[in-house]
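Visitor: Just so it is clear, I am handing over run-v1.txt, which has compact mmCIF, C-alpha atoms.
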# COMPACT_ATOMS: atom_id res chain seq x y z
CA MET A 1 10.36 -2.33 20.28
CA VAL A 2 8.12 -5.35 19.70
CA SER A 3 9.51 -8.62 18.42
CA ALA A 4 6.89 -11.07 19.62
CA PHE A 5 4.83 -12.78 16.95
CA PRO A 6 1.37 -11.28 16.46
CA ARG A 7 -1.81 -12.91 17.58
CA ASP A 8 -4.63 -13.71 15.21
CA ALA A 9 -6.83 -10.74 14.32
CA THR A 10 -9.81 -12.26 16.09
CA SER A 11 -8.01 -11.88 19.42
CA GLU A 12 -7.46 -8.15 18.84
CA LEU A 13 -10.91 -7.08 17.64
CA ASN A 14 -12.70 -4.35 19.51
CA SER A 15 -16.20 -5.81 19.46
CA ASP A 16 -16.55 -5.12 23.18
CA THR A 17 -16.46 -1.38 22.49
CA GLY A 18 -19.69 -1.50 20.53
CA TYR A 19 -18.06 0.03 17.45
CA THR A 20 -19.26 -0.96 13.99
CA ASN A 21 -19.04 0.81 10.66
CA ILE A 22 -22.17 -0.99 9.40
CA LEU A 23 -24.90 1.63 9.02
CA SER A 24 -28.16 1.33 10.90
CA VAL A 25 -30.78 3.03 8.73
CA ASP A 26 -34.54 3.11 9.36
CA PHE A 27 -35.84 2.32 5.87
CA GLU A 28 -39.46 2.41 7.05
CA GLU A 29 -38.95 6.06 7.88
CA ASN A 30 -36.86 6.61 4.70
CA PRO A 31 -38.29 4.19 2.09
CA SER A 32 -36.71 6.11 -0.82
CA LEU A 33 -33.22 5.10 0.42
CA LYS A 34 -33.85 1.35 0.44
CA ASP A 35 -32.40 0.63 -3.01
CA LYS A 36 -29.61 3.23 -2.84
CA ASP A 37 -25.89 2.77 -2.29
CA LEU A 38 -25.33 4.72 0.91
CA VAL A 39 -22.25 5.63 2.93
CA GLY A 40 -22.05 7.48 6.22
CA TYR A 41 -19.79 10.35 7.19
CA ASP A 42 -19.88 11.98 10.63
CA GLY A 43 -23.49 11.04 11.28
CA LYS A 44 -24.83 11.99 7.83
CA LEU A 45 -25.87 9.67 5.00
CA TYR A 46 -24.76 10.21 1.40
CA ASP A 47 -26.11 8.58 -1.75
CA ILE A 48 -23.20 7.31 -3.89
CA THR A 49 -25.29 5.37 -6.42
CA LYS A 50 -24.45 7.69 -9.34
CA PHE A 51 -21.16 9.06 -7.98
CA ALA A 52 -19.44 5.68 -7.53
CA ARG A 53 -18.34 5.43 -11.19
CA TYR A 54 -16.48 8.73 -10.86
CA HIS A 55 -14.78 7.92 -7.56
CA PRO A 56 -11.02 8.65 -7.89
CA GLY A 57 -10.16 5.49 -5.96
CA GLY A 58 -12.30 3.30 -8.19
CA GLU A 59 -15.98 2.36 -8.38
CA GLU A 60 -15.42 -1.16 -7.06
CA LEU A 61 -13.64 0.08 -3.95
CA LEU A 62 -16.34 2.62 -3.04
CA LYS A 63 -19.13 0.09 -3.55
CA MET A 64 -17.38 -2.30 -1.16
CA PHE A 65 -18.18 0.31 1.49
CA SER A 66 -21.84 0.65 0.53
CA GLY A 67 -23.90 0.58 3.71
CA LYS A 68 -20.85 1.48 5.82
CA ASP A 69 -19.53 4.42 7.83
CA VAL A 70 -16.54 5.81 5.92
CA SER A 71 -15.75 8.74 8.22
CA MET A 72 -12.21 7.63 9.03
CA GLN A 73 -11.42 6.40 5.52
CA VAL A 74 -12.44 9.77 4.10
CA ARG A 75 -10.17 11.51 6.60
CA ALA A 76 -7.31 9.23 5.62
CA PHE A 77 -7.59 9.44 1.83
CA HIS A 78 -9.04 12.87 1.09
CA GLU A 79 -8.53 16.54 1.75
CA ARG A 80 -10.46 17.93 4.73
CA ASN A 81 -12.99 19.81 2.55
CA VAL A 82 -13.90 16.88 0.30
CA MET A 83 -17.45 16.61 1.66
CA GLN A 84 -18.22 20.32 1.40
CA GLY A 85 -21.11 21.03 -0.94
CA ARG A 86 -22.33 17.42 -0.94
CA GLU A 87 -25.95 17.07 0.07
CA SER A 88 -26.78 14.45 2.68
CA VAL A 89 -29.93 12.32 2.38
CA GLY A 90 -30.40 11.42 6.02
CA THR A 91 -28.72 10.64 9.32
CA TYR A 92 -27.53 7.56 11.22
CA ILE A 93 -26.14 6.69 14.65
CA ASP A 94 -22.38 7.32 14.62
CA THR A 95 -20.61 4.76 16.84
CA THR A 96 -17.11 6.20 16.37
CA ASP A 97 -16.87 7.52 19.92
CA LYS A 98 -17.44 4.01 21.30
CA ASP A 99 -13.92 3.02 20.26
CA PRO A 100 -11.13 5.12 21.84
CA ALA A 101 -8.88 4.33 18.84
CA ALA A 102 -11.44 5.79 16.43
CA LYS A 103 -12.18 8.82 18.60
CA GLY A 104 -8.47 9.47 19.13
CA TYR A 105 -7.77 9.12 15.40
CA LYS A 106 -10.02 12.05 14.61
CA ILE A 107 -8.21 14.19 17.18
CA LEU A 108 -4.80 13.01 15.97
CA THR A 109 -5.65 13.84 12.35
CA ASP A 110 -6.69 17.38 13.28
CA THR A 111 -3.51 17.80 15.36
CA LEU A 112 -1.21 16.73 12.54
CA ARG A 113 -2.99 19.00 10.07
CA ALA A 114 -2.68 21.93 12.45
CA GLU A 115 1.08 21.29 12.65
CA GLY A 116 1.34 21.43 8.86
CA LEU A 117 2.36 17.80 8.44
CA PHE A 118 0.17 17.37 5.35
CA GLU A 119 1.87 20.23 3.52
CA THR A 120 4.45 19.51 0.83
CA SER A 121 8.03 20.75 0.88
CA TYR A 122 8.88 21.33 -2.78
CA GLU A 123 12.47 21.97 -1.80
CA TRP A 124 12.67 18.48 -0.28
CA TYR A 125 11.18 16.88 -3.41
CA THR A 126 13.53 18.84 -5.67
CA LYS A 127 16.53 17.53 -3.74
CA LYS A 128 15.06 14.02 -3.82
CA ALA A 129 14.57 14.24 -7.61
CA LEU A 130 18.21 15.23 -8.05
CA PHE A 131 19.21 12.37 -5.77
CA CYS A 132 17.17 9.95 -7.89
CA ALA A 133 18.69 11.30 -11.12
CA SER A 134 22.19 10.85 -9.69
CA PHE A 135 21.76 7.07 -9.84
CA LEU A 136 20.99 7.26 -13.56
CA ILE A 137 24.05 9.48 -14.07
CA LEU A 138 26.13 7.02 -12.04
CA CYS A 139 24.80 4.20 -14.22
CA VAL A 140 26.00 5.94 -17.39
CA PHE A 141 29.38 6.70 -15.80
CA LEU A 142 29.89 3.06 -14.76
CA ILE A 143 28.93 1.84 -18.23
CA ARG A 144 31.58 4.09 -19.75
CA GLN A 145 34.08 2.66 -17.26
CA GLY A 146 33.18 -0.87 -18.32
CA CYS A 147 31.69 -1.77 -14.89
CA TYR A 148 28.48 -3.25 -16.26
CA VAL A 149 27.25 -5.17 -13.21
CA LEU A 150 27.80 -2.15 -10.97
CA ALA A 151 26.02 -0.03 -13.59
CA GLY A 152 23.08 -2.42 -13.42
CA MET A 153 22.99 -2.03 -9.65
CA ALA A 154 22.95 1.76 -10.07
CA LEU A 155 20.04 1.38 -12.48
CA ALA A 156 18.25 -0.77 -9.89
CA LEU A 157 18.54 2.08 -7.39
CA PHE A 158 17.12 4.46 -10.00
CA PHE A 159 14.24 2.00 -10.49
CA GLN A 160 13.72 1.88 -6.72
CA GLN A 161 13.69 5.65 -6.23
CA SER A 162 11.38 6.10 -9.24
CA GLY A 163 9.03 3.58 -7.63
CA PHE A 164 9.02 5.59 -4.42
CA PHE A 165 8.12 8.72 -6.39
CA MET A 166 5.27 6.85 -8.08
CA HIS A 167 4.07 5.80 -4.64
CA ASP A 168 4.18 9.38 -3.33
CA PHE A 169 2.50 10.96 -6.33
CA MET A 170 -0.27 8.39 -6.71
CA HIS A 171 -1.05 9.09 -3.05
CA ASN A 172 -1.52 12.74 -4.03
CA GLN A 173 1.35 13.86 -1.80
CA LEU A 174 3.03 16.39 -4.12
CA THR A 175 0.62 18.93 -5.63
CA HIS A 176 -2.53 17.62 -3.87
CA ASN A 177 -4.19 17.84 -7.28
CA ARG A 178 -5.22 14.32 -8.21
CA LYS A 179 -4.94 14.75 -11.96
CA LYS A 180 -1.47 16.34 -11.85
CA ASP A 181 -0.12 13.87 -9.29
CA ARG A 182 -1.54 10.94 -11.24
CA TRP A 183 0.30 11.93 -14.41
CA LEU A 184 3.51 12.54 -12.49
CA GLY A 185 3.07 9.14 -10.88
CA MET A 186 2.70 7.50 -14.27
CA ILE A 187 5.85 9.22 -15.58
CA CYS A 188 7.86 7.98 -12.59
CA GLY A 189 6.23 4.55 -12.34
CA THR A 190 5.61 3.47 -15.91
CA GLY A 191 8.37 5.61 -17.42
CA GLY A 192 11.04 5.37 -14.72
CA LEU A 193 10.43 2.02 -13.06
CA GLY A 194 8.61 0.17 -15.85
CA VAL A 195 5.58 -0.70 -13.70
CA GLY A 196 2.13 0.48 -14.79
CA GLY A 197 1.34 3.51 -12.67
CA HIS A 198 -2.44 3.48 -13.05
CA TRP A 199 -2.71 -0.30 -12.51
CA TRP A 200 -0.60 0.03 -9.39
CA LYS A 201 -2.72 2.93 -8.08
CA GLU A 202 -5.95 1.01 -8.52
CA GLU A 203 -4.64 -2.02 -6.61
CA HIS A 204 -2.82 0.04 -4.02
CA PHE A 205 -5.84 2.13 -3.02
CA VAL A 206 -7.79 -1.07 -2.33
CA HIS A 207 -4.82 -2.39 -0.34
CA HIS A 208 -4.78 0.74 1.82
CA ALA A 209 -8.51 0.77 2.47
CA LEU A 210 -8.78 -2.98 3.17
CA THR A 211 -5.30 -3.97 4.31
CA ASN A 212 -4.86 -7.71 4.91
CA THR A 213 -8.58 -8.30 4.39
CA CYS A 214 -10.29 -11.16 2.59
CA ASP A 215 -13.81 -12.15 1.56
CA ILE A 216 -13.90 -15.90 0.94
CA PRO A 217 -17.50 -16.14 -0.41
CA ALA A 218 -16.74 -13.39 -2.95
CA ASN A 219 -13.35 -14.96 -3.83
CA TRP A 220 -11.68 -11.64 -3.03
CA SER A 221 -8.76 -10.45 -0.93
CA ASP A 222 -6.39 -7.50 -0.59
CA PRO A 223 -4.90 -7.58 -4.12
CA GLN A 224 -1.39 -6.59 -3.07
CA MET A 225 -1.21 -9.14 -0.26
CA ARG A 226 -2.17 -12.25 -2.19
CA GLU A 227 -0.04 -14.32 -4.54
CA ASP A 228 -0.72 -17.65 -6.18
CA VAL A 229 2.50 -19.28 -4.97
CA TRP A 230 2.32 -18.76 -1.18
CA ALA A 231 -0.21 -18.14 1.57
CA GLN A 232 1.10 -15.97 4.39
CA ASN A 233 -2.04 -16.42 6.50
CA HIS A 234 -4.38 -19.34 7.10
CA LYS A 235 -7.42 -17.23 6.23
CA LEU A 236 -6.17 -17.31 2.63
CA PHE A 237 -6.06 -21.13 2.47
CA PRO A 238 -9.50 -21.50 0.76
CA PHE A 239 -8.09 -19.69 -2.30
CA PHE A 240 -5.47 -22.41 -2.88
CA LYS A 241 -7.03 -25.48 -4.46
CA ALA A 242 -4.61 -26.56 -7.22
CA PRO A 243 -2.31 -29.51 -6.36
CA ILE A 244 0.78 -27.52 -7.34
CA GLN A 245 -0.24 -24.78 -4.91
CA SER A 246 -0.35 -27.30 -2.06
CA ILE A 247 3.26 -28.21 -2.80
CA LEU A 248 4.38 -24.59 -3.10
CA ILE A 249 2.77 -23.53 0.18
CA LYS A 250 4.52 -26.31 2.07
CA ILE A 251 7.93 -24.99 0.95
CA GLN A 252 7.07 -21.27 0.97
CA ALA A 253 9.43 -20.40 3.82
CA TYR A 254 12.31 -21.48 1.57
CA THR A 255 11.04 -20.04 -1.72
CA TRP A 256 9.66 -16.66 -0.72
CA LEU A 257 12.91 -14.67 -0.65
CA PRO A 258 14.53 -16.11 -3.81
CA VAL A 259 11.30 -16.05 -5.82
CA THR A 260 10.60 -12.44 -4.80
CA VAL A 261 14.11 -11.28 -5.71
CA ILE A 262 14.52 -13.27 -8.93
CA PHE A 263 11.03 -13.04 -10.37
CA GLY A 264 9.72 -9.85 -8.70
CA ARG A 265 10.33 -7.57 -11.69
CA ILE A 266 9.07 -10.10 -14.23
CA GLY A 267 5.95 -10.90 -12.23
CA ILE A 268 4.84 -7.33 -11.59
CA THR A 269 5.50 -6.35 -15.22
CA ILE A 270 3.27 -9.17 -16.49
CA ASP A 271 0.56 -8.41 -13.93
CA CYS A 272 0.33 -4.70 -14.71
CA PHE A 273 0.36 -4.88 -18.52
CA LYS A 274 -1.43 -8.14 -19.38
CA ASP A 275 -4.84 -6.43 -19.33
CA GLU A 276 -3.74 -2.81 -19.83
CA ARG A 277 -5.92 -0.92 -22.35
CA ARG A 278 -4.89 2.68 -21.74
CA TRP A 279 -2.84 3.96 -24.68
CA TYR A 280 -0.95 6.52 -22.60
CA GLU A 281 0.37 3.75 -20.34
CA TRP A 282 1.78 1.94 -23.38
CA VAL A 283 3.32 5.16 -24.73
CA THR A 284 5.00 5.81 -21.37
CA LEU A 285 6.18 2.20 -21.22
CA ALA A 286 7.73 2.69 -24.67
CA CYS A 287 9.70 5.60 -23.21
CA HIS A 288 10.92 3.33 -20.42
CA VAL A 289 11.99 0.65 -22.88
CA GLY A 290 13.64 3.34 -24.98
CA TYR A 291 15.90 4.74 -22.29
CA VAL A 292 16.87 1.27 -21.03
CA ALA A 293 17.64 0.21 -24.61
CA LEU A 294 19.75 3.36 -25.03
CA LEU A 295 21.76 2.43 -21.95
CA MET A 296 22.23 -1.11 -23.22
CA SER A 297 23.34 0.17 -26.63
CA MET A 298 26.35 1.69 -24.87
CA ILE A 299 27.48 -1.81 -23.82
CA PRO A 300 29.51 -3.68 -26.47
CA THR A 301 28.31 -7.31 -26.28
CA TRP A 302 25.00 -9.06 -25.69
CA SER A 303 26.53 -11.10 -22.90
CA GLN A 304 27.55 -7.95 -21.04
CA ARG A 305 24.14 -6.41 -21.70
CA GLY A 306 22.56 -9.48 -20.17
CA TRP A 307 24.64 -9.19 -17.00
CA PHE A 308 23.81 -5.47 -16.82
CA TYR A 309 20.05 -6.01 -17.03
CA LEU A 310 20.17 -9.04 -14.72
CA ALA A 311 21.88 -6.94 -12.05
CA ALA A 312 19.21 -4.24 -12.45
CA SER A 313 16.35 -6.76 -12.24
CA LEU A 314 17.74 -8.58 -9.22
CA GLY A 315 18.46 -5.25 -7.53
CA GLN A 316 14.84 -4.27 -7.99
CA GLY A 317 13.96 -7.48 -6.17
CA VAL A 318 14.91 -5.64 -2.99
CA LEU A 319 12.07 -3.20 -3.70
CA SER A 320 9.71 -6.17 -4.14
CA ILE A 321 10.65 -7.37 -0.66
CA GLN A 322 10.19 -3.87 0.77
CA LEU A 323 6.64 -3.77 -0.58
CA LEU A 324 5.66 -6.95 1.28
CA LEU A 325 7.60 -7.03 4.55
CA SER A 326 5.45 -4.66 6.57
CA HIS A 327 2.32 -6.85 6.33
CA TYR A 328 3.28 -10.47 5.72
CA ALA A 329 3.81 -11.44 9.37
CA LYS A 330 0.61 -9.73 10.52
CA PRO A 331 -2.98 -11.01 10.86
CA PHE A 332 -5.75 -11.02 8.22
CA PHE A 333 -9.35 -9.92 8.66
CA HIS A 334 -12.52 -11.42 7.24
CA LYS A 335 -14.17 -8.45 5.54
CA ASP A 336 -17.77 -8.69 6.71
CA THR A 337 -17.42 -10.31 10.13
CA GLU A 338 -14.18 -8.69 11.34
CA TYR A 339 -13.03 -5.70 9.28
CA HIS A 340 -16.39 -3.92 9.29
CA ASN A 341 -16.65 -4.29 13.06
CA THR A 342 -13.19 -2.84 13.67
CA SER A 343 -12.24 0.80 13.32
CA PHE A 344 -9.92 1.87 10.51
CA PRO A 345 -6.97 2.97 12.71
CA ARG A 346 -7.20 -0.23 14.72
CA VAL A 347 -7.01 -2.34 11.54
CA MET A 348 -4.02 -0.35 10.31
CA ALA A 349 -2.16 -0.83 13.60
CA ILE A 350 -2.93 -4.56 13.76
CA THR A 351 -1.86 -5.28 10.18
CA THR A 352 1.29 -3.14 9.87
CA ILE A 353 4.90 -3.22 11.10
CA ASN A 354 7.51 -0.45 11.07
CA ILE A 355 11.19 -0.97 10.29
CA VAL A 356 13.66 0.58 12.73
CA ASN A 357 16.63 2.21 10.98
CA PRO A 358 18.87 5.29 11.29
CA VAL A 359 17.47 8.52 9.84
CA TRP A 360 20.26 8.64 7.24
CA LEU A 361 18.94 5.35 5.78
CA ASP A 362 15.39 6.62 5.20
CA TRP A 363 16.24 7.21 1.53
CA PHE A 364 16.67 3.46 1.03
CA HIS A 365 13.19 2.67 2.39
CA GLY A 366 11.35 5.55 0.73
CA GLY A 367 9.11 6.08 3.74
CA LEU A 368 7.99 2.44 3.80
CA ASN A 369 9.98 1.95 6.99
CA LEU A 370 7.45 4.19 8.80
CA HIS A 371 4.60 2.13 7.48
CA ILE A 372 2.20 2.58 10.38
CA GLU A 373 2.29 6.35 9.90
CA HIS A 374 1.85 5.91 6.16
CA HIS A 375 -1.16 3.60 6.51
CA LEU A 376 -2.82 5.86 9.04
CA PHE A 377 -2.19 8.94 6.86
CA PRO A 378 -1.68 7.90 3.19
CA CYS A 379 -1.80 11.49 1.91
CA MET A 380 0.91 12.75 4.24
CA PRO A 381 4.22 13.51 2.40
CA ARG A 382 6.86 11.07 3.60
CA HIS A 383 9.27 13.79 4.70
CA HIS A 384 6.87 14.41 7.63
CA PHE A 385 6.70 10.78 8.82
CA ARG A 386 9.43 11.20 11.44
CA ALA A 387 7.61 14.15 13.00
CA ALA A 388 4.30 12.30 12.87
CA GLN A 389 5.85 9.22 14.48
CA VAL A 390 6.16 11.01 17.82
CA HIS A 391 2.43 11.71 17.85
CA VAL A 392 1.45 8.27 16.56
CA LYS A 393 3.45 6.44 19.24
CA LYS A 394 1.80 8.54 21.93
CA TYR A 395 -1.64 7.95 20.37
CA CYS A 396 -1.12 4.17 20.23
CA GLU A 397 -0.06 4.13 23.88
CA GLU A 398 -3.06 6.19 24.98
CA VAL A 399 -5.67 4.08 23.14
CA GLY A 400 -4.05 0.70 23.80
CA LEU A 401 -2.81 -0.14 20.31
CA GLU A 402 0.38 -2.09 19.70
CA TYR A 403 3.05 -0.05 17.91
CA ASP A 404 4.91 -2.89 16.23
CA GLU A 405 8.44 -2.13 15.05
CA CYS A 406 11.68 -4.04 14.55
CA THR A 407 14.82 -3.96 12.41
CA TRP A 408 14.93 -5.06 8.76
CA SER A 409 16.76 -8.30 9.59
CA GLU A 410 14.39 -9.09 12.47
CA LEU A 411 11.40 -8.52 10.20
CA VAL A 412 12.78 -10.81 7.49
CA VAL A 413 13.22 -13.53 10.12
CA ARG A 414 9.72 -12.90 11.51
CA THR A 415 8.27 -13.19 8.02
CA LEU A 416 10.09 -16.44 7.25
CA VAL A 417 9.08 -17.94 10.61
CA SER A 418 5.48 -16.87 10.01
CA LEU A 419 5.49 -18.41 6.52
CA ALA A 420 6.88 -21.66 7.96
CA ARG A 421 4.23 -21.70 10.69
CA GLU A 422 1.42 -21.18 8.18
CA ALA A 423 2.91 -23.88 5.92
CA ARG A 424 2.80 -26.38 8.78
CA LEU A 425 -0.80 -25.42 9.50
CA PHE A 426 -1.67 -25.84 5.82
CA GLY A 427 -0.05 -29.29 5.85
CA LYS A 428 -2.22 -30.37 8.81
CA GLN A 429 -5.39 -29.18 7.06
CA SER A 430 -4.66 -30.64 3.63
Could you show the structure in this file as structure tokens?
Guide:
Amino acid sequence: MVSAFPRDATSELNSDTGYTNILSVDFEENPSLKDKDLVGYDGKLYDITKFARYHPGGEELLKMFSGKDVSMQVRAFHERNVMQGRESVGTYIDTTDKDPAAKGYKILTDTLRAEGLFETSYEWYTKKALFCASFLILCVFLIRQGCYVLAGMALALFFQQSGFFMHDFMHNQLTHNRKKDRWLGMICGTGGLGVGGHWWKEEHFVHHALTNTCDIPANWSDPQMREDVWAQNHKLFPFFKAPIQSILIKIQAYTWLPVTVIFGRIGITIDCFKDERRWYEWVTLACHVGYVALLMSMIPTWSQRGWFYLAASLGQGVLSIQLLLSHYAKPFFHKDTEYHNTSFPRVMAITTINIVNPVWLDWFHGGLNLHIEHHLFPCMPRHHFRAAQVHVKKYCEEVGLEYDECTWSELVVRTLVSLAREARLFGKQS
């Protein structure tokens, strides 16, 4: 178990291994490729110029890897046969084997696939769906008993479990058919939780590919690890220029928890629907509003309805904290100078923390407690994380990667201490 505070990312880079995912292409020998968007996979070059707009993870994300080796990212986010039938346009020097973490990741991925840890248990998901539905049934029961605050808390747990389903399905963990899983994810996310499923998927895929990464000249950073009211890492400081932001950062260690819990549901709802143009997202949101309104119609007074919904919203704030904890106390990478010279599994290990808890409490975390396993293998169904953990710990030990894990309470403290440390640093620089 590791409880020491992490070093800056620059102290953990593997530049001495000679690894880089920046492609070295001889354009004099291949002049036709000079103006193309190219990516590399296992030593072969692929032209993505026309394909990028159809990329399931988004055109912007794929183009951010133009000129880069995406061998490990493809293994992480796609089925093993995704490159079959695609014609290469050349070759490049693959430096993967220069980093033991990258070389070992390929072997580890093949091992876990051979053990069937990417296969879905529909029995497990059926039981989990019934478990999720039980919270909605409990909510109705408590309303009929006149226990409106407790009913709101039951609804919050239904929100939470629906959010976990959205997370699973948008990662293509159920049917392994992107279209089917995407629609199921929208039903659970937009319909069940009230958070735009497609908006969340688009941001979340970028977060997974470029975890805790920023690009100051391009005014860009990991979209799910950057807020306007706090800066959890000094590499984000250039984004905060407004006077009010300077004040907020200095007190962020005191405001982070209450703001996340109180305003988490409001903030994410505004973010996901303020620019939403897809009609089916709005129709699904109407279904969400409809079932919540139906529940509230069973409560006699507006005051009691207010307490009911307040309890549900504050309860969902716990989910908001869960979504941030595993990365906030970890280092950030500059995209061009650090991330692209560090192998994918090494970045995931450096930027992610696991939460230690009993197996019987896994339902509460929805797989986010085994976050290192999830970030290394986003398409792996969460019911296999415990089995994968044994292999991942051994892999990290063999290749010299830190396997960072601690309890929920320890991680909350680490996060608050880290926020306070960054606030003091910000104060010295401002």
Visitor: Which one of A:His55, A:Asn354, A:Phe131, A:Val359 sits closest to Lys393 (chain A) if you count only C-alpha atoms?
Guide: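 Ranked by minimum distance to Lys393 (chain A), first place goes to A:Asn354.
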Visitor: Would you write out, as a tab-separated table, a table of all residues in region 234-353 of chain A that have an atom no more than 8 Å from an atom of region 203-216 of chain A, listing for each the closest atom pair and the distance in Å to one decimal, considering all atoms listed in the file and ordering rows by chain and rising residue number?
Guide:
residue	atom	partner	partner_atom	distance
A:Lys235	CA	A:Cys214	CA	7.6
A:Leu236	CA	A:Cys214	CA	7.4
A:Pro238	CA	A:Ile216	CA	7.1
A:Phe239	CA	A:Ile216	CA	7.7
A:His327	CA	A:Asn212	CA	7.4
A:Pro331	CA	A:Asn212	CA	7.1
A:Phe332	CA	A:Asn212	CA	4.8
A:Phe333	CA	A:Thr213	CA	4.6
A:His334	CA	A:Cys214	CA	5.2
A:Lys335	CA	A:Asp215	CA	5.4
A:Asp336	CA	A:Asp215	CA	7.4
A:Tyr339	CA	A:Thr213	CA	7.1
A:Val347	CA	A:Thr211	CA	7.6
A:Met348	CA	A:Thr211	CA	7.1
A:Thr351	CA	A:Asn212	CA	6.5
Visitor: Between CA of Val70 (chain A) and CA of Asn21 (chain A), what distance in Å does the model show, to one decimal?
Guide: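 Here the two named atoms are 7.3 Å from each other.
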Visitor: Can you list, as a VMD selection string, every protein, DNA or RNA residue that comes within 12 Å of Ile244 (chain A) when you count only C-alpha atoms, leaving out same-chain residues fewer than 5 positions away?
Guide: chain A and resid 228 to 230 249 to 251
Visitor: Name the residues in contact with Met186 (chain A) at a cut-off of 10 Å, using all atoms listed in the file, excluding same-chain residues fewer than 2 positions from it; report them as a count of residues only.
Guide: 28
Visitor: Tell me, in Å to one decimal, how far CA of Ser313 (chain A) is from CA of Val413 (chain A).
Guide: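 That distance, rounded to one decimal, is 23.6 Å.
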Visitor: Calculate how many Å separate CA of Thr96 (chain A) from CA of His375 (chain A), rounding to one decimal.
Guide: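 Rounded to one decimal, the two atoms are 18.9 Å apart.
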Visitor: Of the residues A:Ile247, A:Leu325, A:Val318, A:Val356, which is the one nearest to Arg424 (chain A), using only C-alpha atoms?
Guide: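 Nearest candidate to Arg424 (chain A) out of A:Ile247, A:Leu325, A:Val318, A:Val356: A:Ile247.
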Visitor: Give me the residues near Thr111 (chain A) as a list of chain:residue names, where near means some atom within 12 Å (using all atoms listed in the file) and where sequence neighbours in that chain fewer than 4 positions away do not count.
Guide: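 Here the answer would be A:Gly104, A:Tyr105, A:Lys106, A:Ile107, A:Glu115, A:Gly116, A:Leu117, A:Phe118, A:Ala387, A:Ala388, A:His391, A:Val392, A:Tyr395.
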Visitor: Would you mind telling me which residue in A:Thr342, A:Gln322, A:Gln161, A:Asn172 lies nearest to Leu136 (chain A) when using only C-alpha atoms?
Guide: A:Gln161
Visitor: Counting only C-alpha atoms, what is within 8 Å of region 79-90 of chain A, bar same-chain residues fewer than 6 positions away, as a PDB file with C-alpha atoms, in the coordinates of the input?
Guide:
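So the final result, stored in out33.pdb, reads:
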ATOM      1  CA  LYS A  44     -24.830  11.990   7.830  1.00  0.00           C
ATOM      2  CA  LEU A  45     -25.870   9.670   5.000  1.00  0.00           C
ATOM      3  CA  TYR A  46     -24.760  10.210   1.400  1.00  0.00           C
ATOM      4  CA  ASP A  47     -26.110   8.580  -1.750  1.00  0.00           C
TER       5      ASP A  47
END
Visitor: Which one of A:Pro100, A:Pro217, A:Gly152, A:Gly317 sits closest to Pro345 (chain A) if you count all atoms listed in the file?
Guide: A:Pro100
Visitor: Which residue is closest to Leu425 (chain A)? Choose from A:Thr20, A:Asn177, A:Gln232, A:Asn219 and count only C-alpha atoms.
Guide: A:Gln232
Visitor: Return the single residue from A:Pro258, A:Gly146, A:Gly264, A:Gly315 that is closest to Leu416 (chain A), with distances computed using all atoms listed in the file.
Guide: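 Under the stated criterion, the closest residue is A:Pro258.
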Visitor: Neighbourhood query: residues within 10 Å of (-23.3, 7.4, 15.4), file coordinates, counting all atoms listed in the file; return as a PyMOL selection string.
Guide: chain A and resi 19-21+23-24+40-44+69+91-98
Visitor: Please return region 124-130 of chain A, rebuilt to N, CA, C and O atoms, as a PDB file, in the frame of the given file.
Guide:
ATOM      1  N   TRP A 124      12.287  19.857  -0.605  1.00  0.00           N
ATOM      2  CA  TRP A 124      12.670  18.480  -0.280  1.00  0.00           C
ATOM      3  C   TRP A 124      12.523  17.582  -1.510  1.00  0.00           C
ATOM      4  O   TRP A 124      13.414  16.774  -1.801  1.00  0.00           O
ATOM      5  N   TYR A 125      11.399  17.735  -2.231  1.00  0.00           N
ATOM      6  CA  TYR A 125      11.180  16.880  -3.410  1.00  0.00           C
ATOM      7  C   TYR A 125      12.144  17.219  -4.539  1.00  0.00           C
ATOM      8  O   TYR A 125      12.539  16.345  -5.305  1.00  0.00           O
ATOM      9  N   THR A 126      12.545  18.473  -4.649  1.00  0.00           N
ATOM     10  CA  THR A 126      13.530  18.840  -5.670  1.00  0.00           C
ATOM     11  C   THR A 126      14.864  18.157  -5.385  1.00  0.00           C
ATOM     12  O   THR A 126      15.505  17.590  -6.290  1.00  0.00           O
ATOM     13  N   LYS A 127      15.286  18.199  -4.128  1.00  0.00           N
ATOM     14  CA  LYS A 127      16.530  17.530  -3.740  1.00  0.00           C
ATOM     15  C   LYS A 127      16.424  16.019  -3.963  1.00  0.00           C
ATOM     16  O   LYS A 127      17.377  15.374  -4.418  1.00  0.00           O
ATOM     17  N   LYS A 128      15.260  15.456  -3.645  1.00  0.00           N
ATOM     18  CA  LYS A 128      15.060  14.020  -3.820  1.00  0.00           C
ATOM     19  C   LYS A 128      15.072  13.634  -5.299  1.00  0.00           C
ATOM     20  O   LYS A 128      15.588  12.571  -5.668  1.00  0.00           O
ATOM     21  N   ALA A 129      14.543  14.501  -6.157  1.00  0.00           N
ATOM     22  CA  ALA A 129      14.570  14.240  -7.610  1.00  0.00           C
ATOM     23  C   ALA A 129      16.000  14.241  -8.129  1.00  0.00           C
ATOM     24  O   ALA A 129      16.380  13.391  -8.960  1.00  0.00           O
ATOM     25  N   LEU A 130      16.805  15.176  -7.648  1.00  0.00           N
ATOM     26  CA  LEU A 130      18.210  15.230  -8.050  1.00  0.00           C
ATOM     27  C   LEU A 130      18.955  14.000  -7.545  1.00  0.00           C
ATOM     28  O   LEU A 130      19.824  13.448  -8.232  1.00  0.00           O
TER      29      LEU A 130
END
